[in-house]
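Source file my_file.pdb; content: PDB, C-alpha atoms (C1' of nucleotides).
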MODEL        1
ATOM      1  CA  MET E  22      -9.441  15.524   1.965  1.00  0.00           C
ATOM      2  CA  GLN E  23      -5.728  16.250   2.054  1.00  0.00           C
ATOM      3  CA  PRO E  24      -3.674  16.760  -1.132  1.00  0.00           C
ATOM      4  CA  PHE E  25      -1.704  13.569  -0.635  1.00  0.00           C
ATOM      5  CA  THR E  26      -4.864  11.538  -0.190  1.00  0.00           C
ATOM      6  CA  ARG E  27      -6.435  13.133  -3.257  1.00  0.00           C
ATOM      7  CA  ARG E  28      -3.370  12.368  -5.368  1.00  0.00           C
ATOM      8  CA  VAL E  29      -3.207   8.765  -4.191  1.00  0.00           C
ATOM      9  CA  ILE E  30      -6.845   8.243  -5.104  1.00  0.00           C
ATOM     10  CA  HIS E  31      -6.310   9.817  -8.506  1.00  0.00           C
ATOM     11  CA  ILE E  32      -3.294   7.661  -9.248  1.00  0.00           C
ATOM     12  CA  ILE E  33      -5.072   4.456  -8.289  1.00  0.00           C
ATOM     13  CA  GLN E  34      -8.089   5.361 -10.382  1.00  0.00           C
ATOM     14  CA  ASN E  35      -5.791   5.677 -13.373  1.00  0.00           C
ATOM     15  CA  ILE E  36      -4.111   2.281 -13.222  1.00  0.00           C
ATOM     16  CA  PRO E  37      -5.219   0.634 -16.483  1.00  0.00           C
ATOM     17  CA  GLU E  38      -6.689  -2.836 -16.767  1.00  0.00           C
ATOM     18  CA  GLY E  39      -3.981  -5.438 -17.053  1.00  0.00           C
ATOM     19  CA  TYR E  40      -1.541  -3.490 -14.877  1.00  0.00           C
ATOM     20  CA  VAL E  41      -0.632  -3.196 -11.214  1.00  0.00           C
ATOM     21  CA  MET E  42       1.250  -0.696  -9.071  1.00  0.00           C
ATOM     22  CA  THR E  43       2.952  -1.205  -5.711  1.00  0.00           C
ATOM     23  CA  TYR E  44       2.083   0.693  -2.510  1.00  0.00           C
ATOM     24  CA  GLY E  45       5.488   2.347  -2.513  1.00  0.00           C
ATOM     25  CA  GLN E  46       5.257   3.324  -6.163  1.00  0.00           C
ATOM     26  CA  ILE E  47       1.942   5.041  -5.587  1.00  0.00           C
ATOM     27  CA  ALA E  48       3.242   6.838  -2.505  1.00  0.00           C
ATOM     28  CA  GLU E  49       6.251   8.056  -4.440  1.00  0.00           C
ATOM     29  CA  ALA E  50       4.167   9.187  -7.406  1.00  0.00           C
ATOM     30  CA  ALA E  51       1.973  11.106  -4.970  1.00  0.00           C
ATOM     31  CA  GLY E  52       5.028  12.907  -3.627  1.00  0.00           C
ATOM     32  CA  SER E  53       5.771  10.964  -0.454  1.00  0.00           C
ATOM     33  CA  PRO E  54       8.356   8.225  -1.084  1.00  0.00           C
ATOM     34  CA  ARG E  55       7.939   6.771   2.414  1.00  0.00           C
ATOM     35  CA  GLY E  56       4.199   6.991   2.497  1.00  0.00           C
ATOM     36  CA  ALA E  57       3.408   3.418   1.511  1.00  0.00           C
ATOM     37  CA  ARG E  58       1.459   2.790   4.691  1.00  0.00           C
ATOM     38  CA  GLN E  59      -0.750   5.757   3.978  1.00  0.00           C
ATOM     39  CA  VAL E  60      -1.574   4.183   0.654  1.00  0.00           C
ATOM     40  CA  VAL E  61      -2.553   1.077   2.595  1.00  0.00           C
ATOM     41  CA  ARG E  62      -4.735   3.093   4.895  1.00  0.00           C
ATOM     42  CA  ILE E  63      -6.412   4.916   2.028  1.00  0.00           C
ATOM     43  CA  LEU E  64      -7.097   1.690   0.138  1.00  0.00           C
ATOM     44  CA  HIS E  65      -8.484   0.091   3.254  1.00  0.00           C
ATOM     45  CA  SER E  66     -10.840   2.896   4.176  1.00  0.00           C
ATOM     46  CA  MET E  67     -11.729   4.555   0.877  1.00  0.00           C
ATOM     47  CA  SER E  68     -11.822   1.880  -1.819  1.00  0.00           C
ATOM     48  CA  ALA E  69     -15.565   1.427  -1.678  1.00  0.00           C
ATOM     49  CA  ALA E  70     -16.552   5.093  -1.485  1.00  0.00           C
ATOM     50  CA  HIS E  71     -14.333   6.026  -4.407  1.00  0.00           C
ATOM     51  CA  LYS E  72     -14.806   2.846  -6.433  1.00  0.00           C
ATOM     52  CA  LEU E  73     -11.070   2.285  -6.586  1.00  0.00           C
ATOM     53  CA  PRO E  74      -9.581  -0.607  -8.572  1.00  0.00           C
ATOM     54  CA  TRP E  75      -7.991  -1.771  -5.313  1.00  0.00           C
ATOM     55  CA  HIS E  76      -7.140  -5.163  -6.798  1.00  0.00           C
ATOM     56  CA  ARG E  77      -4.502  -3.511  -9.003  1.00  0.00           C
ATOM     57  CA  VAL E  78      -2.289  -2.726  -6.015  1.00  0.00           C
ATOM     58  CA  VAL E  79       0.295  -5.229  -4.724  1.00  0.00           C
ATOM     59  CA  ASN E  80       3.336  -5.028  -2.473  1.00  0.00           C
ATOM     60  CA  ALA E  81       6.926  -4.403  -3.509  1.00  0.00           C
ATOM     61  CA  LYS E  82       7.516  -8.092  -4.209  1.00  0.00           C
ATOM     62  CA  GLY E  83       4.481  -8.340  -6.443  1.00  0.00           C
ATOM     63  CA  MET E  84       2.579 -10.276  -3.790  1.00  0.00           C
ATOM     64  CA  ILE E  85      -1.086  -9.981  -2.974  1.00  0.00           C
ATOM     65  CA  ALA E  86      -0.874  -8.383   0.452  1.00  0.00           C
ATOM     66  CA  LEU E  87      -4.376  -9.075   1.746  1.00  0.00           C
ATOM     67  CA  MET E  88      -4.578 -11.642   4.519  1.00  0.00           C
ATOM     68  CA  ASP E  89      -8.325 -12.216   4.494  1.00  0.00           C
ATOM     69  CA  GLU E  90      -9.017 -15.324   2.418  1.00  0.00           C
ATOM     70  CA  GLU E  91     -12.138 -14.010   0.745  1.00  0.00           C
ATOM     71  CA  SER E  92     -10.607 -10.667  -0.279  1.00  0.00           C
ATOM     72  CA  ARG E  93      -7.507 -12.457  -1.402  1.00  0.00           C
ATOM     73  CA  PHE E  94      -9.482 -14.798  -3.599  1.00  0.00           C
ATOM     74  CA  LYS E  95     -11.437 -11.882  -5.023  1.00  0.00           C
ATOM     75  CA  GLN E  96      -8.282  -9.968  -5.875  1.00  0.00           C
ATOM     76  CA  ILE E  97      -6.744 -12.932  -7.661  1.00  0.00           C
ATOM     77  CA  LEU E  98      -9.999 -13.447  -9.550  1.00  0.00           C
ATOM     78  CA  TYR E  99     -10.278  -9.801 -10.648  1.00  0.00           C
ATOM     79  CA  LEU E 100      -6.656  -9.682 -11.713  1.00  0.00           C
ATOM     80  CA  SER E 101      -6.855 -12.880 -13.712  1.00  0.00           C
ATOM     81  CA  SER E 102      -9.956 -11.586 -15.493  1.00  0.00           C
ATOM     82  CA  GLU E 103      -7.798  -8.684 -16.642  1.00  0.00           C
ATOM     83  CA  GLY E 104      -4.978 -10.924 -17.795  1.00  0.00           C
ATOM     84  CA  VAL E 105      -2.748 -10.597 -14.723  1.00  0.00           C
ATOM     85  CA  LEU E 106      -2.039 -14.058 -13.388  1.00  0.00           C
ATOM     86  CA  ALA E 107      -0.919 -14.817  -9.833  1.00  0.00           C
ATOM     87  CA  ASP E 108       1.093 -17.944  -9.017  1.00  0.00           C
ATOM     88  CA  GLU E 109       0.415 -20.324  -6.100  1.00  0.00           C
ATOM     89  CA  GLU E 110       2.075 -17.903  -3.727  1.00  0.00           C
ATOM     90  CA  GLY E 111      -0.131 -15.065  -4.874  1.00  0.00           C
ATOM     91  CA  ARG E 112       2.626 -13.327  -6.769  1.00  0.00           C
ATOM     92  CA  VAL E 113       2.202 -11.489 -10.048  1.00  0.00           C
ATOM     93  CA  ASP E 114       4.925 -10.715 -12.578  1.00  0.00           C
ATOM     94  CA  LEU E 115       5.919  -7.114 -11.970  1.00  0.00           C
ATOM     95  CA  GLU E 116       8.320  -7.110 -14.901  1.00  0.00           C
ATOM     96  CA  GLN E 117       5.383  -7.689 -17.156  1.00  0.00           C
ATOM     97  CA  HIS E 118       2.542  -5.853 -15.451  1.00  0.00           C
ATOM     98  CA  ARG E 119       3.969  -2.958 -13.474  1.00  0.00           C
ATOM     99  CA  TYR E 120       2.384   0.319 -14.496  1.00  0.00           C
ATOM    100  CA  GLN E 121       4.407   3.516 -14.621  1.00  0.00           C
ATOM    101  CA  PRO E 122       2.415   6.712 -15.063  1.00  0.00           C
ATOM    102  CA  GLY E 123       3.881   8.487 -18.079  1.00  0.00           C
ATOM    103  CA  GLU E 124       5.004  12.084 -18.409  1.00  0.00           C
ATOM    104  CA  ASP E 125       1.592  12.885 -19.833  1.00  0.00           C
ATOM    105  CA  PHE E 126       0.085  12.032 -16.465  1.00  0.00           C
ATOM    106  CA  SER E 127      -2.095  14.878 -15.297  1.00  0.00           C
ATOM    107  CA  TRP E 128      -3.370  15.771 -11.872  1.00  0.00           C
ATOM    108  CA  PRO E 129      -7.011  16.569 -11.348  1.00  0.00           C
ATOM    109  CA  ASP E 130      -8.013  20.229 -11.203  1.00  0.00           C
ATOM    110  CA  GLU E 131      -8.165  21.650  -7.707  1.00  0.00           C
ATOM    111  CA  GLU E 132     -11.781  22.642  -8.158  1.00  0.00           C
ATOM    112  CA  GLU E 133     -12.660  19.013  -8.727  1.00  0.00           C
ATOM    113  CA  HIS E 134     -14.099  18.090  -5.349  1.00  0.00           C
TER     114      HIS E 134
ATOM    115  C1'  DG S  12      -3.654   4.413  17.048  1.00  0.00           C
ATOM    116  C1'  DC S  13      -4.385   2.667  12.418  1.00  0.00           C
ATOM    117  C1'  DC S  14      -2.581   0.150   8.557  1.00  0.00           C
ATOM    118  C1'  DA S  15      -3.324  -4.578   2.604  1.00  0.00           C
ATOM    119  C1'  DT S  16       4.700  -1.583   3.685  1.00  0.00           C
ATOM    120  C1'  DG S  17       9.509  -2.034   2.817  1.00  0.00           C
ATOM    121  C1'  DG S  18      14.133  -2.934   3.410  1.00  0.00           C
ATOM    122  C1'  DC S  19      17.644  -4.930   5.911  1.00  0.00           C
ATOM    123  C1'  DT S  20      19.683  -8.483   8.950  1.00  0.00           C
ATOM    124  C1'  DA S  21      20.095 -12.785  11.478  1.00  0.00           C
ATOM    125  C1'  DG S  22      20.099 -17.284  11.168  1.00  0.00           C
ATOM    126  C1'  DT S  23      19.315 -21.754   8.891  1.00  0.00           C
ATOM    127  C1'  DA S  24      20.415 -25.220   5.227  1.00  0.00           C
TER     128       DA S  24
ATOM    129  C1'  DG F  30      11.409 -11.688  11.556  1.00  0.00           C
ATOM    130  C1'  DC F  31      12.298  -7.102  13.137  1.00  0.00           C
ATOM    131  C1'  DC F  32      11.266  -2.380  13.342  1.00  0.00           C
ATOM    132  C1'  DA F  33      11.257   2.511  11.436  1.00  0.00           C
ATOM    133  C1'  DT F  34       8.076   4.642   8.756  1.00  0.00           C
ATOM    134  C1'  DG F  35       4.000   8.689   8.230  1.00  0.00           C
ATOM    135  C1'  DG F  36      -0.413  11.014   6.870  1.00  0.00           C
ATOM    136  C1'  DC F  37      -4.539  11.015   8.717  1.00  0.00           C
ATOM    137  C1'  DT F  38      -8.446  10.450  12.056  1.00  0.00           C
ATOM    138  C1'  DA F  39     -10.706   9.782  16.352  1.00  0.00           C
ATOM    139  C1'  DG F  40     -11.036  11.324  20.473  1.00  0.00           C
ATOM    140  C1'  DT F  41      -9.519  14.100  24.407  1.00  0.00           C
ATOM    141  C1'  DA F  42      -8.243  18.809  26.597  1.00  0.00           C
TER     142       DA F  42
ENDMDL
END
Mind turning the file's structure into structure tokens?
Amino acid sequence: MQPFTRRVIHIIQNIPEGYVMTYGQIAEAAGSPRGARQVVRILHSMSAAHKLPWHRVVNAKGMIALMDEESRFKQILYLSSEGVLADEEGRVDLEQHRYQPGEDFSWPDEEEH
DNA sequence: GCCATGGCTAGTA
DNA sequence: GCCATGGCTAGTA
């Protein structure tokens, strides 16, 4: 696994309950400000294997980005169970729920697989 | 080639 | 609604 991929996974795993991050935010935090689509790709292909809280990731407008009805419903359900409510459009309040990793944020050790 | 983006513009109301 | 974006993988040479 490449360093960028490893960092993205680590960041997503550390989004606390009740918060969300955007694709672009995660890409930037992982060191690649224009890598939002990679974050998409990683979420799409690695969420299950790494047990990622994929539902805590939304697009830059705060919208649920999934098109599939079932996944969409599931994401809204998971979020609401954590206190993050989506409106009819599928938008959450970023002002209130956006997570910013603090300065105490630590990267995993390299030896960690 | 994939992909669950993002940011900007054209064009409508 | 258009289109530039990019790290990675699959698949070919």
Explicit residues for the PyMOL selection byres ((chain F) within 9 of (chain E)) (as a list in words): DT34, DG35, DG36 and DC37 of chain F
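Atom pair CA of Asp114 (chain E) / CA of Lys72 (chain E): separated by 24.7 Å.
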Neighbour list for DA15 (chain S) as an MDAnalysis selection string, cut-off 6 Å, only C-alpha atoms (C1' of nucleotides), skip fewer than 3 positions in-chain: chainID E and resid 61 86:87
Interatomic distance between CA of Lys82 (chain E) and CA of Val105 (chain E)?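 That distance, rounded to one decimal, is 14.9 Å.
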Can you list what the PyMOL selection byres ((chain S and resi 12) around 12) grabs from this structure, as a count of residues only? 6
As an exercise, work out the distance from CA of His71 (chain E) to CA of Ala107 (chain E) in Å and give it to one decimal place.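 Between CA of His71 (chain E) and CA of Ala107 (chain E) the gap works out to 25.4 Å.
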Expanded to explicit residues, what is the PyMOL selection byres ((chain E and resi 39) around 12) for this file, as a ChimeraX atom specification? /E:35-38,40-42,74,76-78,99-106,113-115,117-120
Written file, previous selection with C-alpha atoms, as a PDB file, in the frame of the given file:
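Wrote it out as again_7.pdb, contents follow:
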ATOM      1  CA  ASN E  35      -5.791   5.677 -13.373  1.00  0.00           C
ATOM      2  CA  ILE E  36      -4.111   2.281 -13.222  1.00  0.00           C
ATOM      3  CA  PRO E  37      -5.219   0.634 -16.483  1.00  0.00           C
ATOM      4  CA  GLU E  38      -6.689  -2.836 -16.767  1.00  0.00           C
ATOM      5  CA  TYR E  40      -1.541  -3.490 -14.877  1.00  0.00           C
ATOM      6  CA  VAL E  41      -0.632  -3.196 -11.214  1.00  0.00           C
ATOM      7  CA  MET E  42       1.250  -0.696  -9.071  1.00  0.00           C
ATOM      8  CA  PRO E  74      -9.581  -0.607  -8.572  1.00  0.00           C
ATOM      9  CA  HIS E  76      -7.140  -5.163  -6.798  1.00  0.00           C
ATOM     10  CA  ARG E  77      -4.502  -3.511  -9.003  1.00  0.00           C
ATOM     11  CA  VAL E  78      -2.289  -2.726  -6.015  1.00  0.00           C
ATOM     12  CA  TYR E  99     -10.278  -9.801 -10.648  1.00  0.00           C
ATOM     13  CA  LEU E 100      -6.656  -9.682 -11.713  1.00  0.00           C
ATOM     14  CA  SER E 101      -6.855 -12.880 -13.712  1.00  0.00           C
ATOM     15  CA  SER E 102      -9.956 -11.586 -15.493  1.00  0.00           C
ATOM     16  CA  GLU E 103      -7.798  -8.684 -16.642  1.00  0.00           C
ATOM     17  CA  GLY E 104      -4.978 -10.924 -17.795  1.00  0.00           C
ATOM     18  CA  VAL E 105      -2.748 -10.597 -14.723  1.00  0.00           C
ATOM     19  CA  LEU E 106      -2.039 -14.058 -13.388  1.00  0.00           C
ATOM     20  CA  VAL E 113       2.202 -11.489 -10.048  1.00  0.00           C
ATOM     21  CA  ASP E 114       4.925 -10.715 -12.578  1.00  0.00           C
ATOM     22  CA  LEU E 115       5.919  -7.114 -11.970  1.00  0.00           C
ATOM     23  CA  GLN E 117       5.383  -7.689 -17.156  1.00  0.00           C
ATOM     24  CA  HIS E 118       2.542  -5.853 -15.451  1.00  0.00           C
ATOM     25  CA  ARG E 119       3.969  -2.958 -13.474  1.00  0.00           C
ATOM     26  CA  TYR E 120       2.384   0.319 -14.496  1.00  0.00           C
TER      27      TYR E 120
END
Six-sided padding of 6 Å per side, axis-aligned box over chain F, centre and edges in Å, one decimal, as AutoDock Vina command-line options:
--center_x 0.6 --center_y 3.6 --center_z 16.7 --size_x 35.3 --size_y 42.5 --size_z 31.7
Can I get region 47-70 of chain E with N, CA, C and O atoms filled in, as a compact mmCIF listing (two decimals), keeping the file's coordinate frame?
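For reference, out-v3.txt as written:
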# COMPACT_ATOMS: atom_id res chain seq x y z
N ILE E 47 3.04 4.08 -5.64
CA ILE E 47 1.94 5.04 -5.59
C ILE E 47 2.28 6.19 -4.64
O ILE E 47 2.08 7.35 -4.96
N ALA E 48 2.85 5.83 -3.48
CA ALA E 48 3.24 6.84 -2.50
C ALA E 48 4.25 7.80 -3.12
O ALA E 48 4.14 9.02 -2.99
N GLU E 49 5.22 7.23 -3.83
CA GLU E 49 6.25 8.06 -4.44
C GLU E 49 5.67 8.97 -5.51
O GLU E 49 5.97 10.15 -5.56
N ALA E 50 4.79 8.40 -6.34
CA ALA E 50 4.17 9.19 -7.41
C ALA E 50 3.31 10.31 -6.83
O ALA E 50 3.14 11.35 -7.44
N ALA E 51 2.81 10.09 -5.61
CA ALA E 51 1.97 11.11 -4.97
C ALA E 51 2.82 12.12 -4.21
O ALA E 51 2.29 13.02 -3.57
N GLY E 52 4.14 11.93 -4.23
CA GLY E 52 5.03 12.91 -3.63
C GLY E 52 5.53 12.58 -2.24
O GLY E 52 6.12 13.41 -1.57
N SER E 53 5.30 11.35 -1.78
CA SER E 53 5.77 10.96 -0.45
C SER E 53 6.38 9.57 -0.49
O SER E 53 5.72 8.58 -0.22
N PRO E 54 7.69 9.50 -0.85
CA PRO E 54 8.36 8.22 -1.08
C PRO E 54 8.24 7.22 0.06
O PRO E 54 8.29 6.02 -0.17
N ARG E 55 8.06 7.70 1.29
CA ARG E 55 7.94 6.77 2.41
C ARG E 55 6.51 6.61 2.90
O ARG E 55 6.26 6.14 4.01
N GLY E 56 5.60 7.00 2.07
CA GLY E 56 4.20 6.99 2.50
C GLY E 56 3.40 5.76 2.13
O GLY E 56 2.17 5.79 2.07
N ALA E 57 4.10 4.64 1.94
CA ALA E 57 3.41 3.42 1.51
C ALA E 57 2.28 3.01 2.45
O ALA E 57 1.23 2.55 2.01
N ARG E 58 2.50 3.20 3.73
CA ARG E 58 1.46 2.79 4.69
C ARG E 58 0.23 3.67 4.60
O ARG E 58 -0.87 3.23 4.93
N GLN E 59 0.42 4.89 4.18
CA GLN E 59 -0.75 5.76 3.98
C GLN E 59 -1.58 5.24 2.81
O GLN E 59 -2.80 5.29 2.84
N VAL E 60 -0.88 4.76 1.80
CA VAL E 60 -1.57 4.18 0.65
C VAL E 60 -2.40 2.98 1.12
O VAL E 60 -3.55 2.81 0.73
N VAL E 61 -1.83 2.20 2.00
CA VAL E 61 -2.55 1.08 2.60
C VAL E 61 -3.81 1.58 3.31
O VAL E 61 -4.90 1.06 3.10
N ARG E 62 -3.62 2.57 4.12
CA ARG E 62 -4.74 3.09 4.89
C ARG E 62 -5.85 3.62 3.99
O ARG E 62 -7.03 3.37 4.22
N ILE E 63 -5.44 4.35 2.97
CA ILE E 63 -6.41 4.92 2.03
C ILE E 63 -7.16 3.81 1.29
O ILE E 63 -8.39 3.85 1.16
N LEU E 64 -6.45 2.81 0.82
CA LEU E 64 -7.10 1.69 0.14
C LEU E 64 -8.09 1.00 1.06
O LEU E 64 -9.21 0.68 0.67
N HIS E 65 -7.65 0.79 2.29
CA HIS E 65 -8.48 0.09 3.25
C HIS E 65 -9.78 0.84 3.55
O HIS E 65 -10.85 0.25 3.59
N SER E 66 -9.67 2.14 3.72
CA SER E 66 -10.84 2.90 4.18
C SER E 66 -11.62 3.61 3.08
O SER E 66 -12.74 4.04 3.32
N MET E 67 -11.05 3.75 1.89
CA MET E 67 -11.73 4.56 0.88
C MET E 67 -12.00 3.86 -0.44
O MET E 67 -12.53 4.47 -1.37
N SER E 68 -11.63 2.60 -0.56
CA SER E 68 -11.82 1.88 -1.82
C SER E 68 -13.28 1.86 -2.26
O SER E 68 -13.59 2.13 -3.41
N ALA E 69 -14.15 1.56 -1.33
CA ALA E 69 -15.56 1.43 -1.68
C ALA E 69 -16.17 2.77 -2.07
O ALA E 69 -16.77 2.89 -3.15
N ALA E 70 -15.96 3.78 -1.24
CA ALA E 70 -16.55 5.09 -1.48
C ALA E 70 -16.10 5.70 -2.81
O ALA E 70 -16.87 6.39 -3.47
